[in-house]
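Chemist: Structure below; questions to follow.
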Protein chains: 2
Amino acid sequence: MSFNHRLYAFLNDEILPQESAYLHVSDLAILRGYGIFDFFKTQEGEPLFLDDYLNRFYGSALIMGLKVPLPEEELKQTIEKLIQMNGLSDSGVKMVLTGGYSENGYDLGEPNLIILQQPLSMPSEAQLATGLKVITHEYVRDLAAAKTINYSMGIKLLQQVKARGSDDVLYHQKGVVSEFPRSNFFLVKQDETVVTPAQEILKGVTRKNVLELAGKKYSVQEGTVTLEDIAQAKEAFMTSTTKRVLPIVQIDGQPIGDGKPGSVTLELLEDLIALENRHLQK
Amino acid sequence: MSFNHRLYAFLNDEILPQESAYLHVSDLAILRGYGIFDFFKTQEGEPLFLDDYLNRFYGSALIMGLKVPLPEEELKQTIEKLIQMNGLSDSGVKMVLTGGYSENGYDLGEPNLIILQQPLSMPSEAQLATGLKVITHEYVRDLAAAKTINYSMGIKLLQQVKARGSDDVLYHQKGVVSEFPRSNFFLVKQDETVVTPAQEILKGVTRKNVLELAGKKYSVQEGTVTLEDIAQAKEAFMTSTTKRVLPIVQIDGQPIGDGKPGSVTLELLEDLIALENRHLQK
């Protein structure tokens, strides 16, 4: 990895140079892919919607039977200190909680907690102007309500995504759409109703914010979304912490709506940026 | 972990004390649960059925788009050297290949290769005499043909397995049985036909050996096995490298057959032990 300057990380009970943050190979993340994580961003050095991300982090830990070694207030202070030391204005902060060092390579140990901060790259103007092309794949994430570290399928599919000249892959099961590996999915119907899947998904913080914003101007539905619904849609977009609201203009080679980023999509992006700015000014 | 004596491990290009084998937190196993592994045993210092395990290891790597950094002959020599240095008679050897250090936390890096050796504990006489009680859970492993490190579900279910006074959990989908988290499943019909699931499983080396041995004495089927088939069965057992052939006497609180380890099961165990001994004498 290349850095403009030396970054620090947090590991269990100390802040240390990021290049010195190592785990022993007996950790269950390494041996058994067992762990959870979460990821938020900072703007102008301030975490955005931090409480939402921390709630989800502790919630994922609970689902997976892992105990976060720090109570929430202490974790917040640690994050603040790390952000201060790293001095990055716009960044992504990742918290990872692993299954810990296992006695027998299967039973849980004491979880290892890692916090990493990186400079953040948001979508480019070109991506926003063009919109994304996506393909579909039949798959449902295990334990979808928890943000586990299991991205076997998403990463394995990267090659296929690239080979088909697309930008991402949308999961569905028998035509019922759930989510992208790292983003939520939305569509806008011809009557401008904004719809997003409700089941078998990770509940994104950006998804929640966009649902709230959309509710002020449009009809909003959380419910079943099918591939057929997408074929009939006016617009589609994805949401995530790093992508905000990113238009999707093509799915499996077929244009969505008129094949261009839609007006509702771009309005919701503007509203989200405004919400982020209000959040920072608090 | 507690050791009788100091053990060595292999990491990428060197043999080093096991307690010094660390990976940087940017490895995709830690960040994204991305990796594959395999596991074989040694008896009297000799690997058993090593070629089968190495074939599967390279096969899993291929499925997951990872390149094993050593060709097979070199990997064998490394394993031999490690076994010699550790001087354990009966042991388990685990090879792990991770997604490697990732530039952006998602794209694959150069895989990290780890080899660990541990003393091995085989099933006790008591376990063999009593047999195991198992529960069932509706689940199919992702990418079941590859031995990935993803054990999120199996480890999460440990608590439930224990709470219900059972020893393991058998996966099924809509009543069609696949496998245990770390073992294959077999049943013996009333007519002594030996049956094992063919789909959505990891093809165990012990499973293969037991199928061959069973074929010499009984009718053998690889095919669909349902929970209803288990209710009608004479016997059931699981197979794995460490468990060999282990009788299952109860499923979801219901006895299988007469609720005791069956004669076909115990005969296949004897045959397997004899096969292992023949393999060692070669």
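Each chain in the structure tokens gets a letter, A, B and so on, in the order shown; residues start at 1 in every chain, and ligands are counted from 1 in the order they appear.
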Could you list, with a cut-off of 8 Å and counting only C-alpha atoms, the residues of chain B near chain A, each shown with its nearest atom pair and the distance in Å rounded to one decimal, rows sorted by chain and ascending number, as a Markdown table?
Modeler:
```
| residue | atom | partner | partner_atom | distance |
| --- | --- | --- | --- | --- |
| B:Met1 | CA | A:Glu103 | CA | 5.1 |
| B:Glu19 | CA | A:His24 | CA | 7.5 |
| B:Ser20 | CA | A:His24 | CA | 7.4 |
| B:Ala21 | CA | A:His24 | CA | 5.9 |
| B:Tyr22 | CA | A:His24 | CA | 4.2 |
| B:Leu23 | CA | A:Tyr22 | CA | 5.3 |
| B:His24 | CA | A:Tyr22 | CA | 4.2 |
| B:Val25 | CA | A:Tyr22 | CA | 5.4 |
| B:Ala29 | CA | A:Ile30 | CA | 5.1 |
| B:Ile30 | CA | A:Ala29 | CA | 5.1 |
| B:Leu31 | CA | A:Ile149 | CA | 6.1 |
| B:Arg32 | CA | A:Ile149 | CA | 4.5 |
| B:Gly33 | CA | A:Gly33 | CA | 4.0 |
| B:Tyr34 | CA | A:Ser152 | CA | 5.4 |
| B:Gly35 | CA | A:Gly33 | CA | 7.7 |
| B:Met64 | CA | A:Lys156 | CA | 5.8 |
| B:Gly65 | CA | A:Lys156 | CA | 6.9 |
| B:Val96 | CA | A:Leu31 | CA | 7.2 |
| B:Thr98 | CA | A:Ile30 | CA | 7.5 |
| B:Ser102 | CA | A:Met1 | CA | 7.8 |
| B:Glu103 | CA | A:Met1 | CA | 5.2 |
| B:Asn104 | CA | A:Met1 | CA | 7.8 |
| B:Tyr106 | CA | A:Ile155 | CA | 7.0 |
| B:Asp107 | CA | A:Ile155 | CA | 7.2 |
| B:Leu108 | CA | A:Ile155 | CA | 7.9 |
| B:Ile114 | CA | A:Val25 | CA | 7.9 |
| B:Asp142 | CA | A:Met153 | CA | 7.5 |
| B:Leu143 | CA | A:Met153 | CA | 7.8 |
| B:Ile149 | CA | A:Arg32 | CA | 4.5 |
| B:Asn150 | CA | A:Gly33 | CA | 4.8 |
| B:Tyr151 | CA | A:Arg32 | CA | 5.3 |
| B:Ser152 | CA | A:Tyr34 | CA | 5.4 |
| B:Met153 | CA | A:Asp142 | CA | 7.5 |
| B:Ile155 | CA | A:Tyr106 | CA | 7.0 |
| B:Lys156 | CA | A:Met64 | CA | 5.8 |
```
Chemist: I'd like the neighbourhood of stretch 160-168 of chain B as a ChimeraX atom specification, where a residue qualifies if any of its atoms comes within 10 Å (using only C-alpha atoms), though same-chain residues fewer than 4 positions away should be ignored.
Modeler: /B:131-136,154-156,180-183,248,250-253
Chemist: Go ahead and write the selection's residues with N, CA and C atoms as a PDB file, in the first residue's frame.
Modeler:
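Once everything was written out, this is selection-v1.pdb:
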```pdb
ATOM      1  N   GLY B 131     -21.222 -43.290  20.096  1.00  0.00           N
ATOM      2  CA  GLY B 131     -21.722 -42.659  18.879  1.00  0.00           C
ATOM      3  C   GLY B 131     -22.138 -41.222  19.138  1.00  0.00           C
ATOM      4  N   LEU B 132     -22.326 -40.467  18.079  1.00  0.00           N
ATOM      5  CA  LEU B 132     -22.618 -39.041  18.204  1.00  0.00           C
ATOM      6  C   LEU B 132     -24.109 -38.753  18.078  1.00  0.00           C
ATOM      7  N   LYS B 133     -24.495 -37.660  18.757  1.00  0.00           N
ATOM      8  CA  LYS B 133     -25.832 -37.095  18.576  1.00  0.00           C
ATOM      9  C   LYS B 133     -25.688 -35.831  17.736  1.00  0.00           C
ATOM     10  N   VAL B 134     -26.519 -35.691  16.724  1.00  0.00           N
ATOM     11  CA  VAL B 134     -26.416 -34.496  15.891  1.00  0.00           C
ATOM     12  C   VAL B 134     -27.772 -33.812  15.751  1.00  0.00           C
ATOM     13  N   ILE B 135     -27.687 -32.518  15.458  1.00  0.00           N
ATOM     14  CA  ILE B 135     -28.896 -31.764  15.119  1.00  0.00           C
ATOM     15  C   ILE B 135     -28.793 -31.385  13.642  1.00  0.00           C
ATOM     16  N   THR B 136     -29.863 -30.804  13.096  1.00  0.00           N
ATOM     17  CA  THR B 136     -29.843 -30.409  11.684  1.00  0.00           C
ATOM     18  C   THR B 136     -30.041 -28.899  11.577  1.00  0.00           C
ATOM     19  N   GLY B 154     -20.848 -22.690  10.536  1.00  0.00           N
ATOM     20  CA  GLY B 154     -20.487 -23.803  11.416  1.00  0.00           C
ATOM     21  C   GLY B 154     -20.075 -23.327  12.800  1.00  0.00           C
ATOM     22  N   ILE B 155     -19.268 -22.290  12.850  1.00  0.00           N
ATOM     23  CA  ILE B 155     -18.781 -21.797  14.147  1.00  0.00           C
ATOM     24  C   ILE B 155     -19.892 -21.071  14.900  1.00  0.00           C
ATOM     25  N   LYS B 156     -20.698 -20.290  14.169  1.00  0.00           N
ATOM     26  CA  LYS B 156     -21.827 -19.618  14.817  1.00  0.00           C
ATOM     27  C   LYS B 156     -22.780 -20.641  15.460  1.00  0.00           C
ATOM     28  N   PHE B 180     -21.726 -32.234   7.074  1.00  0.00           N
ATOM     29  CA  PHE B 180     -21.441 -31.514   8.312  1.00  0.00           C
ATOM     30  C   PHE B 180     -20.468 -30.369   7.987  1.00  0.00           C
ATOM     31  N   PRO B 181     -20.310 -29.412   8.917  1.00  0.00           N
ATOM     32  CA  PRO B 181     -19.353 -28.340   8.628  1.00  0.00           C
ATOM     33  C   PRO B 181     -17.963 -28.868   8.260  1.00  0.00           C
ATOM     34  N   ARG B 182     -17.522 -29.954   8.922  1.00  0.00           N
ATOM     35  CA  ARG B 182     -16.160 -30.434   8.683  1.00  0.00           C
ATOM     36  C   ARG B 182     -16.096 -31.926   8.370  1.00  0.00           C
ATOM     37  N   SER B 183     -17.219 -32.561   8.045  1.00  0.00           N
ATOM     38  CA  SER B 183     -17.229 -34.001   7.795  1.00  0.00           C
ATOM     39  C   SER B 183     -18.268 -34.334   6.738  1.00  0.00           C
ATOM     40  N   ILE B 248     -23.045 -42.246  14.107  1.00  0.00           N
ATOM     41  CA  ILE B 248     -24.055 -41.270  14.530  1.00  0.00           C
ATOM     42  C   ILE B 248     -25.275 -42.068  14.961  1.00  0.00           C
ATOM     43  N   GLN B 250     -28.064 -40.583  16.809  1.00  0.00           N
ATOM     44  CA  GLN B 250     -29.271 -39.804  17.076  1.00  0.00           C
ATOM     45  C   GLN B 250     -29.261 -38.556  16.211  1.00  0.00           C
ATOM     46  N   ILE B 251     -30.429 -38.196  15.682  1.00  0.00           N
ATOM     47  CA  ILE B 251     -30.548 -36.972  14.897  1.00  0.00           C
ATOM     48  C   ILE B 251     -31.788 -36.212  15.346  1.00  0.00           C
ATOM     49  N   ASP B 252     -31.609 -34.963  15.735  1.00  0.00           N
ATOM     50  CA  ASP B 252     -32.708 -34.131  16.252  1.00  0.00           C
ATOM     51  C   ASP B 252     -33.514 -34.867  17.318  1.00  0.00           C
ATOM     52  N   GLY B 253     -32.832 -35.589  18.192  1.00  0.00           N
ATOM     53  CA  GLY B 253     -33.485 -36.255  19.310  1.00  0.00           C
ATOM     54  C   GLY B 253     -34.060 -37.634  18.989  1.00  0.00           C
TER      55      GLY B 253
END
```
Chemist: Atom CA of B:Pro247 and atom CA of B:Leu128 are how many Å apart?
Modeler: 6.6 Å
Chemist: Which of stretch 67-115 of chain A end up as helix (DSSP H, G or I) when DSSP is run on this backbone - answer as number ranges by chain?
Modeler: A: 72-86
Chemist: If you run DSSP on the backbone, which residues of stretch 71-261 of chain B are strand (DSSP E or B), as a VMD selection string?
Modeler: chain B and resid 91 to 98 101 113 to 119 132 to 138 148 168 to 173 176 to 177 179 184 to 188 194 to 196 220 to 222 226 235 to 240 244 to 251 254 to 255
Chemist: In Å, rounded to a single decimal, give me how far atom CA of B:Glu138 is from atom CA of B:Ala198.
Modeler: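 Distance reported for this atom pair: 17.2 Å.
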Chemist: Determine, counting only C-alpha atoms, which protein, DNA and RNA residues have an atom within 9 Å of an atom of B:Tyr58; residues of the same chain fewer than 6 positions away are not included. Present the result as a list in words.
Modeler: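 My reading of the contact set: Leu66, Lys67, Val68 and Glu72 of chain B.
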Chemist: Env of B:Arg244: 10 Å cut, atoms = only C-alpha atoms, seq-sep filter 2 positions within chain, self excluded. Answer as a PyMOL selection string.
Modeler: chain B and resi 122-123+183+206-207+209-210+237-242+246-247+268-270+272-273
Chemist: Write the residues of the preceding selection, restricted to all heavy atoms, as a short mmCIF file (atom, residue, chain, number, x, y, z; two decimals), in the first residue's frame.
Modeler:
```cif
data_model
loop_
_atom_site.label_atom_id
_atom_site.label_comp_id
_atom_site.auth_asym_id
_atom_site.auth_seq_id
_atom_site.Cartn_x
_atom_site.Cartn_y
_atom_site.Cartn_z
N MET B 122 -7.41 -38.10 17.87
CA MET B 122 -8.41 -38.88 17.14
C MET B 122 -9.59 -39.13 18.09
O MET B 122 -9.49 -38.90 19.29
CB MET B 122 -7.79 -40.20 16.68
CG MET B 122 -6.57 -40.03 15.78
SD MET B 122 -6.93 -39.21 14.19
CE MET B 122 -7.88 -40.49 13.35
N PRO B 123 -10.72 -39.60 17.56
CA PRO B 123 -11.88 -39.87 18.42
C PRO B 123 -11.51 -40.85 19.54
O PRO B 123 -10.70 -41.75 19.33
CB PRO B 123 -12.88 -40.52 17.46
CG PRO B 123 -12.50 -40.05 16.11
CD PRO B 123 -11.01 -39.90 16.15
N SER B 183 -17.22 -32.56 8.05
CA SER B 183 -17.23 -34.00 7.79
C SER B 183 -18.27 -34.33 6.74
O SER B 183 -19.22 -33.58 6.54
CB SER B 183 -17.61 -34.77 9.07
OG SER B 183 -16.86 -34.36 10.17
N THR B 206 -11.34 -38.96 2.97
CA THR B 206 -11.81 -40.11 3.74
C THR B 206 -13.11 -40.65 3.14
O THR B 206 -13.31 -41.86 3.05
CB THR B 206 -12.02 -39.71 5.22
OG1 THR B 206 -10.84 -39.06 5.68
CG2 THR B 206 -12.30 -40.93 6.08
N ARG B 207 -13.98 -39.73 2.70
CA ARG B 207 -15.21 -40.14 2.01
C ARG B 207 -14.87 -41.02 0.82
O ARG B 207 -15.46 -42.09 0.61
CB ARG B 207 -15.96 -38.88 1.54
CG ARG B 207 -17.18 -39.13 0.67
CD ARG B 207 -17.78 -37.77 0.24
NE ARG B 207 -18.94 -37.95 -0.63
CZ ARG B 207 -18.87 -38.15 -1.94
NH1 ARG B 207 -17.69 -38.22 -2.55
NH2 ARG B 207 -19.98 -38.29 -2.67
N ASN B 209 -12.13 -42.78 0.26
CA ASN B 209 -11.59 -44.07 0.71
C ASN B 209 -12.68 -44.99 1.24
O ASN B 209 -12.68 -46.19 0.96
CB ASN B 209 -10.52 -43.84 1.78
CG ASN B 209 -9.24 -43.26 1.19
OD1 ASN B 209 -8.95 -43.47 0.00
ND2 ASN B 209 -8.48 -42.53 1.99
N VAL B 210 -13.62 -44.42 2.00
CA VAL B 210 -14.69 -45.24 2.56
C VAL B 210 -15.61 -45.76 1.46
O VAL B 210 -16.05 -46.91 1.49
CB VAL B 210 -15.47 -44.44 3.64
CG1 VAL B 210 -16.77 -45.15 4.01
CG2 VAL B 210 -14.58 -44.25 4.87
N PHE B 237 -23.17 -42.61 9.79
CA PHE B 237 -21.86 -42.22 10.31
C PHE B 237 -21.32 -41.01 9.57
O PHE B 237 -21.86 -40.63 8.53
CB PHE B 237 -20.88 -43.40 10.25
CG PHE B 237 -20.63 -43.98 8.88
CD1 PHE B 237 -19.60 -43.50 8.08
CD2 PHE B 237 -21.41 -45.03 8.40
CE1 PHE B 237 -19.36 -44.04 6.82
CE2 PHE B 237 -21.17 -45.59 7.14
CZ PHE B 237 -20.14 -45.09 6.35
N MET B 238 -20.31 -40.40 10.14
CA MET B 238 -19.62 -39.31 9.45
C MET B 238 -18.19 -39.74 9.17
O MET B 238 -17.65 -40.64 9.84
CB MET B 238 -19.62 -38.03 10.29
CG MET B 238 -18.89 -38.11 11.61
SD MET B 238 -18.66 -36.47 12.38
CE MET B 238 -20.34 -36.00 12.73
N THR B 239 -17.59 -39.12 8.14
CA THR B 239 -16.19 -39.39 7.84
C THR B 239 -15.42 -38.08 7.75
O THR B 239 -15.95 -37.07 7.28
CB THR B 239 -16.03 -40.12 6.48
OG1 THR B 239 -16.51 -39.26 5.44
CG2 THR B 239 -16.77 -41.43 6.45
N SER B 240 -14.20 -38.11 8.25
CA SER B 240 -13.28 -36.99 8.03
C SER B 240 -11.88 -37.47 8.34
O SER B 240 -11.69 -38.57 8.88
CB SER B 240 -13.63 -35.79 8.92
OG SER B 240 -13.05 -35.93 10.19
N THR B 241 -10.91 -36.64 8.00
CA THR B 241 -9.51 -36.99 8.21
C THR B 241 -9.23 -37.30 9.68
O THR B 241 -8.57 -38.28 10.00
CB THR B 241 -8.63 -35.82 7.75
OG1 THR B 241 -8.94 -35.55 6.38
CG2 THR B 241 -7.16 -36.14 7.88
N THR B 242 -9.75 -36.45 10.56
CA THR B 242 -9.47 -36.66 11.99
C THR B 242 -10.45 -37.64 12.63
O THR B 242 -10.12 -38.29 13.61
CB THR B 242 -9.55 -35.34 12.78
OG1 THR B 242 -10.81 -34.75 12.52
CG2 THR B 242 -8.46 -34.39 12.37
N LEU B 246 -17.07 -42.31 12.15
CA LEU B 246 -17.59 -42.09 13.50
C LEU B 246 -19.11 -42.30 13.49
O LEU B 246 -19.83 -41.64 12.74
CB LEU B 246 -17.22 -40.66 13.95
CG LEU B 246 -17.19 -40.33 15.42
CD1 LEU B 246 -16.40 -41.34 16.24
CD2 LEU B 246 -16.61 -38.94 15.63
N PRO B 247 -19.59 -43.25 14.31
CA PRO B 247 -21.03 -43.57 14.28
C PRO B 247 -21.90 -42.41 14.74
O PRO B 247 -21.53 -41.67 15.66
CB PRO B 247 -21.16 -44.72 15.30
CG PRO B 247 -19.78 -45.17 15.62
CD PRO B 247 -18.86 -44.04 15.31
N LEU B 268 -16.49 -50.76 8.55
CA LEU B 268 -15.84 -49.80 7.64
C LEU B 268 -14.71 -49.06 8.35
O LEU B 268 -13.69 -48.73 7.75
CB LEU B 268 -16.87 -48.83 7.05
CG LEU B 268 -17.82 -49.47 6.02
CD1 LEU B 268 -18.94 -48.50 5.64
CD2 LEU B 268 -17.04 -49.92 4.77
N LEU B 269 -14.91 -48.79 9.64
CA LEU B 269 -13.84 -48.15 10.41
C LEU B 269 -12.61 -49.06 10.46
O LEU B 269 -11.48 -48.61 10.22
CB LEU B 269 -14.33 -47.82 11.83
CG LEU B 269 -13.24 -47.33 12.80
CD1 LEU B 269 -12.56 -46.06 12.27
CD2 LEU B 269 -13.83 -47.06 14.19
N GLU B 270 -12.84 -50.32 10.76
CA GLU B 270 -11.71 -51.28 10.78
C GLU B 270 -11.01 -51.35 9.43
O GLU B 270 -9.79 -51.37 9.33
CB GLU B 270 -12.21 -52.68 11.17
CG GLU B 270 -12.26 -52.90 12.67
CD GLU B 270 -12.74 -54.31 13.00
OE1 GLU B 270 -12.38 -55.26 12.27
OE2 GLU B 270 -13.49 -54.43 13.99
N LEU B 272 -10.91 -49.05 7.18
CA LEU B 272 -10.19 -47.79 6.93
C LEU B 272 -8.85 -47.79 7.68
O LEU B 272 -7.82 -47.38 7.12
CB LEU B 272 -11.04 -46.59 7.35
CG LEU B 272 -10.37 -45.23 7.18
CD1 LEU B 272 -10.09 -44.94 5.70
CD2 LEU B 272 -11.22 -44.10 7.77
N ILE B 273 -8.87 -48.22 8.92
CA ILE B 273 -7.63 -48.27 9.69
C ILE B 273 -6.63 -49.21 9.00
O ILE B 273 -5.44 -48.90 8.87
CB ILE B 273 -7.91 -48.70 11.15
CG1 ILE B 273 -8.70 -47.59 11.87
CG2 ILE B 273 -6.61 -48.99 11.90
CD1 ILE B 273 -9.21 -47.97 13.25
#
```
Chemist: Can you tell me which residues surround A:Pro47 at a distance of at most 10 Å, considering only C-alpha atoms, apart from same-chain residues fewer than 4 positions away, and format the answer as a ChimeraX atom specification?
Modeler: /A:40-43,51,53,79-80,83,90-93,279-280
Chemist: Tell me, as a PDB file with N, CA and C atoms, in the first residue's frame, which residues lie within 8 Å of B:Tyr8, counting only C-alpha atoms; anything in the same chain fewer than 5 positions away does not count.
Modeler:
```
ATOM      1  N   ILE B  15      10.734 -21.350   6.940  1.00  0.00           N
ATOM      2  CA  ILE B  15      10.278 -22.096   8.103  1.00  0.00           C
ATOM      3  C   ILE B  15      10.674 -21.285   9.327  1.00  0.00           C
ATOM      4  N   LEU B  16       9.706 -21.075  10.224  1.00  0.00           N
ATOM      5  CA  LEU B  16       9.971 -20.225  11.382  1.00  0.00           C
ATOM      6  C   LEU B  16       9.203 -20.773  12.580  1.00  0.00           C
ATOM      7  N   PRO B  17       9.603 -20.373  13.795  1.00  0.00           N
ATOM      8  CA  PRO B  17       8.841 -20.850  14.958  1.00  0.00           C
ATOM      9  C   PRO B  17       7.356 -20.500  14.791  1.00  0.00           C
ATOM     10  N   GLN B  18       6.491 -21.435  15.122  1.00  0.00           N
ATOM     11  CA  GLN B  18       5.060 -21.211  14.901  1.00  0.00           C
ATOM     12  C   GLN B  18       4.565 -19.956  15.606  1.00  0.00           C
ATOM     13  N   LEU B  82       9.276 -29.691   7.079  1.00  0.00           N
ATOM     14  CA  LEU B  82       8.593 -29.205   8.280  1.00  0.00           C
ATOM     15  C   LEU B  82       8.287 -30.372   9.220  1.00  0.00           C
ATOM     16  N   MET B  85      11.400 -31.431  10.969  1.00  0.00           N
ATOM     17  CA  MET B  85      11.839 -30.499  12.012  1.00  0.00           C
ATOM     18  C   MET B  85      10.962 -30.592  13.255  1.00  0.00           C
ATOM     19  N   ASN B  86       9.655 -30.811  13.043  1.00  0.00           N
ATOM     20  CA  ASN B  86       8.747 -30.830  14.199  1.00  0.00           C
ATOM     21  C   ASN B  86       8.786 -32.158  14.956  1.00  0.00           C
ATOM     22  N   LEU B 116       0.922 -25.230   8.950  1.00  0.00           N
ATOM     23  CA  LEU B 116       0.969 -25.416  10.409  1.00  0.00           C
ATOM     24  C   LEU B 116       0.848 -26.898  10.729  1.00  0.00           C
ATOM     25  N   GLN B 117       1.577 -27.337  11.711  1.00  0.00           N
ATOM     26  CA  GLN B 117       1.458 -28.727  12.155  1.00  0.00           C
ATOM     27  C   GLN B 117       1.117 -28.758  13.641  1.00  0.00           C
TER      28      GLN B 117
END
```
Chemist: Which value, in Å to one decimal, gives the distance between atom CA of A:Lys203 and atom CA of A:Pro119?
Modeler: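 Going from atom CA of A:Lys203 over to atom CA of A:Pro119, I get 24.3 Å.
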Chemist: Please identify all polymer residues within 9 Å of B:Ser178, counting only C-alpha atoms, omitting same-chain residues fewer than 2 positions from it, and present them as a list of chain:residue names.
Modeler: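 In the requested form, the answer reads B:Tyr139, B:Val140, B:Leu170, B:Tyr171, B:His172, B:Gln173, B:Val176, B:Phe180, B:Asn184, B:Phe185, B:Thr196, B:Pro197, B:Ala198, B:Gln199, B:Glu200, B:Ile201, B:Thr224, B:Val225, B:Thr226.
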